[in-house]
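Beneath this line is the structure, given in structure tokens, with notes to follow.
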Amino acid sequence: MPISRSYLADHAIVLRDKPAVVDDRPGAPVTVWSFAELNRQANRLANLFLGLGVAPGEKVVWCGQNSLDAIRAIHALPKIGAVAVPLNYRLTAEETAY
């Protein structure tokens, strides 16, 4: 299945070099991704998900702190018709199972 066009791809054309994501967490270097870079990153991850067999309509759970990886995944999954399911990493095992 090819990667579908997304609102991010449209923004990457119009707002190409404008900042889309700024990661400025304490203790780490500041990272800034433009809309074009975020779109490239999302496309790369979308292709990886396809290679791993993630199919349209499937849910992919993300359990972790906010990060560039989370943002990349949230934008990559809709490109292949899959659904990103962010899960709060602070949940107990019982809450997670629910």
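Every chain in the structure tokens takes a letter, A first, then B, and so on in the order presented; its residues are numbered from 1, and the ligands are numbered from 1 following the presented order.
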Region 19-48 of chain A near region 65-73 of chain A within 10 Å: what's each residue's closest atom pair and its distance in Å to one decimal, counting only C-alpha atoms, ordered by chain then ascending residue number, as a Markdown table?
| residue | atom | partner | partner_atom | distance |
| --- | --- | --- | --- | --- |
| A:Val21 | CA | A:Leu68 | CA | 8.1 |
| A:Val22 | CA | A:Leu68 | CA | 8.9 |
| A:Asp23 | CA | A:Leu68 | CA | 7.2 |
| A:Arg25 | CA | A:Ser67 | CA | 9.3 |
| A:Thr31 | CA | A:Leu68 | CA | 9.0 |
| A:Val32 | CA | A:Leu68 | CA | 9.8 |
| A:Trp33 | CA | A:Leu68 | CA | 9.2 |
| A:Leu38 | CA | A:Arg72 | CA | 7.0 |
| A:Asn39 | CA | A:Arg72 | CA | 8.4 |
| A:Arg40 | CA | A:Arg72 | CA | 9.4 |
| A:Gln41 | CA | A:Arg72 | CA | 6.3 |
| A:Ala42 | CA | A:Arg72 | CA | 5.1 |
| A:Asn43 | CA | A:Arg72 | CA | 8.8 |
| A:Arg44 | CA | A:Arg72 | CA | 9.2 |
| A:Leu45 | CA | A:Ala73 | CA | 6.9 |
| A:Ala46 | CA | A:Ala73 | CA | 7.8 |
Output all heavy atoms for every residue in the selection just made, as a short mmCIF file (atom, residue, chain, number, x, y, z; two decimals), in the first residue's frame.
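Output (result_35.cif):
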data_model
loop_
_atom_site.label_atom_id
_atom_site.label_comp_id
_atom_site.auth_asym_id
_atom_site.auth_seq_id
_atom_site.Cartn_x
_atom_site.Cartn_y
_atom_site.Cartn_z
N VAL A 21 8.15 21.60 14.86
CA VAL A 21 8.38 20.97 16.16
C VAL A 21 9.66 21.56 16.75
O VAL A 21 10.67 21.66 16.06
CB VAL A 21 8.57 19.44 16.01
CG1 VAL A 21 8.83 18.80 17.35
CG2 VAL A 21 7.36 18.80 15.34
N VAL A 22 9.58 21.92 18.02
CA VAL A 22 10.76 22.36 18.75
C VAL A 22 10.87 21.50 20.00
O VAL A 22 9.97 21.48 20.83
CB VAL A 22 10.66 23.85 19.15
CG1 VAL A 22 11.88 24.26 19.97
CG2 VAL A 22 10.50 24.73 17.93
N ASP A 23 11.95 20.76 20.10
CA ASP A 23 12.22 19.93 21.28
C ASP A 23 13.29 20.64 22.09
O ASP A 23 14.46 20.65 21.73
CB ASP A 23 12.70 18.54 20.85
CG ASP A 23 12.92 17.59 22.01
OD1 ASP A 23 12.76 18.01 23.18
OD2 ASP A 23 13.25 16.42 21.76
N ARG A 25 13.69 20.23 25.63
CA ARG A 25 13.69 19.68 26.98
C ARG A 25 15.03 19.97 27.67
O ARG A 25 16.08 19.95 27.03
CB ARG A 25 13.46 18.16 26.94
CG ARG A 25 12.03 17.81 26.53
CD ARG A 25 11.85 16.34 26.40
NE ARG A 25 12.45 15.94 25.12
CZ ARG A 25 12.57 14.70 24.71
NH1 ARG A 25 12.16 13.72 25.45
NH2 ARG A 25 13.11 14.43 23.56
N THR A 31 16.30 20.74 19.40
CA THR A 31 16.10 20.22 18.05
C THR A 31 14.88 20.89 17.45
O THR A 31 13.83 20.97 18.09
CB THR A 31 15.86 18.69 18.08
OG1 THR A 31 16.98 18.06 18.69
CG2 THR A 31 15.66 18.14 16.68
N VAL A 32 15.03 21.40 16.24
CA VAL A 32 13.92 22.05 15.53
C VAL A 32 13.73 21.32 14.21
O VAL A 32 14.68 21.18 13.44
CB VAL A 32 14.21 23.54 15.27
CG1 VAL A 32 13.06 24.19 14.50
CG2 VAL A 32 14.49 24.27 16.57
N TRP A 33 12.50 20.85 13.97
CA TRP A 33 12.15 20.25 12.68
C TRP A 33 11.21 21.19 11.95
O TRP A 33 10.21 21.64 12.50
CB TRP A 33 11.45 18.91 12.86
CG TRP A 33 12.34 17.76 13.21
CD1 TRP A 33 13.68 17.73 13.23
CD2 TRP A 33 11.90 16.46 13.60
NE1 TRP A 33 14.13 16.49 13.59
CE2 TRP A 33 13.05 15.69 13.82
CE3 TRP A 33 10.66 15.87 13.76
CZ2 TRP A 33 13.00 14.36 14.20
CZ3 TRP A 33 10.60 14.54 14.14
CH2 TRP A 33 11.76 13.79 14.36
N LEU A 38 9.67 17.24 9.27
CA LEU A 38 8.70 16.39 9.97
C LEU A 38 8.01 15.46 8.98
O LEU A 38 7.83 14.27 9.25
CB LEU A 38 7.68 17.25 10.72
CG LEU A 38 6.55 16.48 11.43
CD1 LEU A 38 7.09 15.45 12.41
CD2 LEU A 38 5.61 17.46 12.12
N ASN A 39 7.65 15.98 7.82
CA ASN A 39 7.02 15.14 6.80
C ASN A 39 7.96 14.05 6.32
O ASN A 39 7.55 12.89 6.17
CB ASN A 39 6.55 16.01 5.63
CG ASN A 39 5.66 15.25 4.69
OD1 ASN A 39 4.69 14.62 5.09
ND2 ASN A 39 5.99 15.29 3.41
N ARG A 40 9.24 14.38 6.10
CA ARG A 40 10.22 13.36 5.70
C ARG A 40 10.36 12.29 6.78
O ARG A 40 10.38 11.09 6.49
CB ARG A 40 11.59 14.00 5.44
CG ARG A 40 11.76 14.58 4.06
CD ARG A 40 13.23 14.94 3.77
NE ARG A 40 13.74 15.99 4.64
CZ ARG A 40 13.57 17.29 4.43
NH1 ARG A 40 12.91 17.71 3.38
NH2 ARG A 40 14.08 18.18 5.27
N GLN A 41 10.46 12.73 8.02
CA GLN A 41 10.59 11.78 9.14
C GLN A 41 9.36 10.88 9.23
O GLN A 41 9.49 9.67 9.44
CB GLN A 41 10.78 12.55 10.46
CG GLN A 41 12.08 13.29 10.57
CD GLN A 41 13.25 12.37 10.86
OE1 GLN A 41 13.09 11.26 11.34
NE2 GLN A 41 14.44 12.84 10.56
N ALA A 42 8.18 11.46 9.09
CA ALA A 42 6.94 10.67 9.15
C ALA A 42 6.87 9.68 7.99
O ALA A 42 6.45 8.53 8.17
CB ALA A 42 5.73 11.60 9.14
N ASN A 43 7.28 10.09 6.80
CA ASN A 43 7.27 9.18 5.65
C ASN A 43 8.21 8.00 5.86
O ASN A 43 7.87 6.85 5.54
CB ASN A 43 7.65 9.92 4.37
CG ASN A 43 6.54 10.80 3.86
OD1 ASN A 43 5.38 10.65 4.22
ND2 ASN A 43 6.90 11.76 3.02
N ARG A 44 9.40 8.28 6.42
CA ARG A 44 10.36 7.20 6.68
C ARG A 44 9.77 6.19 7.67
O ARG A 44 9.87 4.98 7.46
CB ARG A 44 11.67 7.76 7.20
CG ARG A 44 12.47 8.50 6.14
CD ARG A 44 13.75 9.11 6.67
NE ARG A 44 14.62 8.09 7.22
CZ ARG A 44 15.54 8.31 8.13
NH1 ARG A 44 15.73 9.52 8.61
NH2 ARG A 44 16.29 7.34 8.57
N LEU A 45 9.16 6.70 8.74
CA LEU A 45 8.59 5.80 9.73
C LEU A 45 7.37 5.07 9.17
O LEU A 45 7.16 3.88 9.45
CB LEU A 45 8.22 6.56 11.00
CG LEU A 45 7.76 5.70 12.18
CD1 LEU A 45 8.79 4.63 12.55
CD2 LEU A 45 7.45 6.58 13.38
N ALA A 46 6.58 5.74 8.36
CA ALA A 46 5.43 5.09 7.73
C ALA A 46 5.89 3.90 6.88
O ALA A 46 5.29 2.82 6.92
CB ALA A 46 4.65 6.09 6.87
#
Top pick for closest residue to Lys79 (chain A), considering A:Glu95, A:Asn47, A:Ala20, A:Val14 and counting only C-alpha atoms: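 The shortest atom-to-atom distance to Lys79 (chain A) comes from A:Asn47.
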Selected residue, from A:Ala36, A:Ala97, A:Leu77, A:Ala82, that lies nearest to Leu15 (chain A) when counting only C-alpha atoms: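 For Leu15 (chain A), the nearest of the candidates is A:Ala36.
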Those in region 25-61 of chain A with helix (DSSP H, G or I) from DSSP, as a PyMOL selection string: chain A and resi 35-51
For Leu87 (chain A): contacts at 9 Å, only C-alpha atoms, fewer than 2 positions along chain excluded, given as a VMD selection string: chain A and resid 61 to 64 85 89 to 91 96
Strand (DSSP E) per DSSP on the backbone: members of chain A, as a ChimeraX atom specification: /A:19-23,31-34,59-63,83-87
Selected residues written out with N, CA and C atoms, as an mmCIF file, in the first residue's frame:
data_model
loop_
_atom_site.group_PDB
_atom_site.id
_atom_site.type_symbol
_atom_site.label_atom_id
_atom_site.label_comp_id
_atom_site.auth_asym_id
_atom_site.auth_seq_id
_atom_site.Cartn_x
_atom_site.Cartn_y
_atom_site.Cartn_z
ATOM 1 N N PRO A 19 9.186 26.318 11.315
ATOM 2 C CA PRO A 19 9.293 25.324 12.395
ATOM 3 C C PRO A 19 7.955 24.642 12.669
ATOM 4 N N ALA A 20 7.990 23.337 12.733
ATOM 5 C CA ALA A 20 6.803 22.546 13.061
ATOM 6 C C ALA A 20 6.920 21.978 14.469
ATOM 7 N N VAL A 21 8.146 21.604 14.861
ATOM 8 C CA VAL A 21 8.384 20.975 16.158
ATOM 9 C C VAL A 21 9.665 21.557 16.752
ATOM 10 N N VAL A 22 9.576 21.917 18.020
ATOM 11 C CA VAL A 22 10.757 22.364 18.750
ATOM 12 C C VAL A 22 10.870 21.502 19.996
ATOM 13 N N ASP A 23 11.953 20.759 20.098
ATOM 14 C CA ASP A 23 12.222 19.927 21.276
ATOM 15 C C ASP A 23 13.288 20.641 22.095
ATOM 16 N N THR A 31 16.297 20.741 19.403
ATOM 17 C CA THR A 31 16.098 20.218 18.054
ATOM 18 C C THR A 31 14.880 20.894 17.454
ATOM 19 N N VAL A 32 15.028 21.403 16.235
ATOM 20 C CA VAL A 32 13.924 22.045 15.529
ATOM 21 C C VAL A 32 13.729 21.321 14.207
ATOM 22 N N TRP A 33 12.503 20.851 13.967
ATOM 23 C CA TRP A 33 12.153 20.248 12.683
ATOM 24 C C TRP A 33 11.212 21.190 11.949
ATOM 25 N N SER A 34 11.520 21.456 10.708
ATOM 26 C CA SER A 34 10.607 22.214 9.851
ATOM 27 C C SER A 34 9.458 21.290 9.450
ATOM 28 N N LYS A 59 -4.378 -0.588 14.984
ATOM 29 C CA LYS A 59 -4.005 0.371 16.015
ATOM 30 C C LYS A 59 -2.585 0.083 16.472
ATOM 31 N N VAL A 60 -1.805 1.133 16.636
ATOM 32 C CA VAL A 60 -0.439 1.013 17.136
ATOM 33 C C VAL A 60 -0.360 1.846 18.406
ATOM 34 N N VAL A 61 -0.028 1.191 19.516
ATOM 35 C CA VAL A 61 0.012 1.856 20.806
ATOM 36 C C VAL A 61 1.385 2.458 21.049
ATOM 37 N N TRP A 62 1.377 3.683 21.533
ATOM 38 C CA TRP A 62 2.603 4.353 21.953
ATOM 39 C C TRP A 62 2.488 4.556 23.450
ATOM 40 N N CYS A 63 3.436 4.035 24.196
ATOM 41 C CA CYS A 63 3.451 4.212 25.644
ATOM 42 C C CYS A 63 4.822 4.769 26.025
ATOM 43 N N VAL A 83 -3.945 3.673 13.005
ATOM 44 C CA VAL A 83 -4.387 4.586 14.051
ATOM 45 C C VAL A 83 -3.358 4.616 15.174
ATOM 46 N N ALA A 84 -2.925 5.813 15.539
ATOM 47 C CA ALA A 84 -2.013 5.983 16.671
ATOM 48 C C ALA A 84 -2.839 6.003 17.955
ATOM 49 N N VAL A 85 -2.409 5.199 18.929
ATOM 50 C CA VAL A 85 -3.098 5.142 20.215
ATOM 51 C C VAL A 85 -2.090 5.502 21.309
ATOM 52 N N PRO A 86 -2.043 6.786 21.694
ATOM 53 C CA PRO A 86 -1.124 7.158 22.767
ATOM 54 C C PRO A 86 -1.658 6.656 24.102
ATOM 55 N N LEU A 87 -0.791 6.055 24.880
ATOM 56 C CA LEU A 87 -1.165 5.496 26.173
ATOM 57 C C LEU A 87 -0.315 6.164 27.242
#
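You will find CA of Phe35 (chain A) at 6.5 Å from CA of His11 (chain A).
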